[in-house]
Amino acid sequence: MMERSTIQRSLPALAISILIAGTLFLAFVEIGFGENKVDSEDAVANRYIANGTTETGSSNLVTSVVVNYRGFDTLGEVTVLFLAATGVGAMINLLPEDGKKRSKGPKPSLIMTQGGMLAIPVIALFGTYVFLHGHLSPGGGFQGGVIIATAFLLYLIAKPDAKTSHRTLSLSESLAGLSFIGIGLIGLAVSGIFLDNVIEGFGVLGELVSGGLLPLIYIAIGIKVGSEMSGLVEKMRGDAS
Amino acid sequence: MNGYEWIFYGGIMALMAVGIWAILSRRNLIKAIMGLVIIETAVNLLLVAVGYVNDRSAPIVNGDTGLGDSPVGEVVDPLPQALVLTAIVIGLATTALALVAAVGYFRSTGTLELKSFTYGRTDETEVKE
Amino acid sequence: MNSLIFLALAILMFITMVALAVATVISKDLIKSAILLAGVSLIASFLFVLMRAPDVAMAEASIGSALTAMIMVYAIGRTRRFEEGGEEK
């Protein structure tokens with residue numbers, strides 16, 4: 001089926017890609033899969049596993065790494081996310097006009113609209129649950145935020161004519177980002193360490209109210225990621241479809 | 001060496017080879033971005049696979065491990081998982097940025113194919129102005 | 001988990017994932033490619049669960065299979081649906 005030029009381009013590309021992936025494979029086979037690289041004394045993971053629950057008060061060790069041990073790193077990641085979303089918004093507005101009128105496409109069916117309206121509150125509630133329990137069970141601010149964004153996406157599909165408010169999205173995003181930095185500054189003011197968990201002994205490990213400032217930071221991240229991703233999807237959709 | 005390496009690293013590297021092949025052989029910009037997404041998935045899988053330890057559970061302390069006990073020797077490495085978690089979320093934003101750039105290319109040239117970047121035979125693929 | 005089941009599931013998932021990725025690349029219809037790419041991400045999230053990373057699996061499932069596919073569909077809607085050489089209907 002493929003014409004000759006496609007095959008002529010495909011074969012050398014296939015050879016190059018197999019070469020690159022094969023070299024990487026030979027390198028990684030030496031590392032070994034499933035072998036114990038964690039328990040040696042000088043592995044950083046050993047320290048996180050040994051002291052993670054007592055030092056941060058979080059049952060989920062991934063949360064303790066993301067929010068506490070590498071919280072500053074997470075602040076940087078959230079900044080990158082913000083910059084990328086801002087870049088999308090700026091570039092969408094700078095696109096040259098193509099002058100074509102796009103068709104609106106078929107309207108969503110009754111089942112899509114009504115079923116979506118039933119499902120959206122449940123999905124949003126689940127997202128909130130996921131980032132509220134980030135320190136206890138799998139999940140956290142990033143996962144809960146993107147689950148909320150999928151609920152928003154479902155809303156955009158079910159009601160294509162609905163008006164969405166840019167102002168509300170950017171307001172909640174900015175407030176969440178500011179509260180993340182504010183929680184970091186509390187640590188700086190109390191103990192001299194940015195993002196320090198100043199009330200870490202608060203609550204009993206494994207209960208909802210525990211982990212000190214970790215749940216608060218994850219709630220801020222969840223709201224920020226949720227509104228960021230919703231704004232991204234909304235900008236990508238534009239007013240066209 | 002127990003054969004697990006061949007399956008996991010082999011599968012991940014096969015996925016990465018497919019992604020590199022897509023970027024090298026397809027001229028369509030959106031198809032190239034899809035190749036980037038495939039490579040990104042492969043790299044995330046690779047990082048988590050390096051942190052995996054046989055016969056251990058997820059890095060979450062629960063009632064079975066005993067709350068309050070340190071789970072040394074019972075859980076896999078949490079560090080690559082934490083890094084991959086943020087990398088996935090950022091990957092979506094950068095993919096969106098690349099897609100907007102592709103839409104801008106389409107608006108100014110009227111095509112998504114990268115014809116002027118061709119290599120090999122060029123007689124049948126002239127740039128249309 | 002029984003290591004035999006672990007290995008069998010891993011082999012099955014990797015074969016399906018690579019096959020879906022190849023189908024993503026060779027399909028001329030970009031919308032079909034976007035949906036196949038969502039399938040790649042879905043199976044990747046299953047593999048994350050297999051490798052004891054439930055946090056990562058949750059993020060990958062909702063981002064890879066819902067949001068990435070949908071922003072790609074929106075971008076394709078602003079451009080052309082078919083790759084060059086594919087049938088224009």
# chains A, B, ... in the order shown; residues from 1 in each chain; ligands from 1
>>> closest_atom_pairs(of="chain A", to="chain C", cutoff="6 Å", atoms="only C-alpha atoms", output="JSON lines")
{"residue": "A:Pro138", "atom": "CA", "partner": "C:Asp55", "partner_atom": "CA", "distance": 5.0}
{"residue": "A:Gly139", "atom": "CA", "partner": "C:Asp55", "partner_atom": "CA", "distance": 5.2}
{"residue": "A:Gln143", "atom": "CA", "partner": "C:Ala59", "partner_atom": "CA", "distance": 4.8}
{"residue": "A:Arg237", "atom": "CA", "partner": "C:Tyr74", "partner_atom": "CA", "distance": 5.6}
>>> write_last_selection(atoms="all heavy atoms", output="short mmCIF file (atom, residue, chain, number, x, y, z; two decimals), in the first residue's frame")
data_model
loop_
_atom_site.label_atom_id
_atom_site.label_comp_id
_atom_site.auth_asym_id
_atom_site.auth_seq_id
_atom_site.Cartn_x
_atom_site.Cartn_y
_atom_site.Cartn_z
N PRO A 138 -2.95 5.72 47.27
CA PRO A 138 -2.43 6.18 45.98
C PRO A 138 -3.19 7.39 45.49
O PRO A 138 -4.41 7.43 45.58
CB PRO A 138 -2.67 4.98 45.06
CG PRO A 138 -2.76 3.84 45.94
CD PRO A 138 -3.24 4.30 47.26
N GLY A 139 -2.50 8.34 44.98
CA GLY A 139 -3.15 9.56 44.50
C GLY A 139 -2.45 10.77 45.06
O GLY A 139 -1.40 10.67 45.67
N GLN A 143 -2.67 13.80 40.43
CA GLN A 143 -3.69 12.88 39.89
C GLN A 143 -5.08 13.44 40.06
O GLN A 143 -5.90 13.40 39.13
CB GLN A 143 -3.59 11.53 40.61
CG GLN A 143 -2.30 10.80 40.39
CD GLN A 143 -1.31 11.08 41.48
OE1 GLN A 143 -1.24 12.18 42.01
NE2 GLN A 143 -0.51 10.10 41.83
N ARG A 237 -9.38 23.82 22.68
CA ARG A 237 -10.65 23.71 21.96
C ARG A 237 -10.93 25.00 21.20
O ARG A 237 -11.34 24.99 20.05
CB ARG A 237 -11.78 23.43 22.94
CG ARG A 237 -13.10 23.24 22.24
CD ARG A 237 -14.21 23.17 23.24
NE ARG A 237 -14.49 24.46 23.81
CZ ARG A 237 -15.71 24.96 23.97
NH1 ARG A 237 -16.74 24.25 23.61
NH2 ARG A 237 -15.90 26.13 24.50
#
>>> select_by_dssp(residues="chain A", states="helix (DSSP H, G or I)", output="NGL selection string")
:A and (4-31 or 44-56 or 61-69 or 71-94 or 110-132 or 141-158 or 166-191 or 214-237)
>>> interface_residues(of="chain A", to="chain B", cutoff="6 Å", atoms="only C-alpha atoms", output="list in words")
Arg9, Ser10, Ala13, Leu14, Ser17, Ile18, Ala21, Val29, Phe33, Gly34, Glu35, Asn36, Ala45, Ile49, Ala50, Ser59, Asn60, Leu61, Val62, Val66, Leu81, Ala84, Val88, Leu95 and Asp98 of chain A
>>> closest_residue(among="C:Phe14, C:Leu36, C:Ile31, C:Phe82", to="chain B", atoms="only C-alpha atoms")
C:Phe14
>>> closest_residue(among="B:Thr109, B:Ser57, B:Leu47, B:Leu36", to="chain C", atoms="only C-alpha atoms")
B:Ser57
>>> residues_around(residues="Thr16 of chain C", least_positions_apart="6", cutoff="10 Å", atoms="only C-alpha atoms", output="ChimeraX atom specification")
/C:10,22,39-40,43
>>> atom_distance(atom1="atom CA of Val204 of chain A", atom2="atom CA of Glu55 of chain A")
12.9 Å
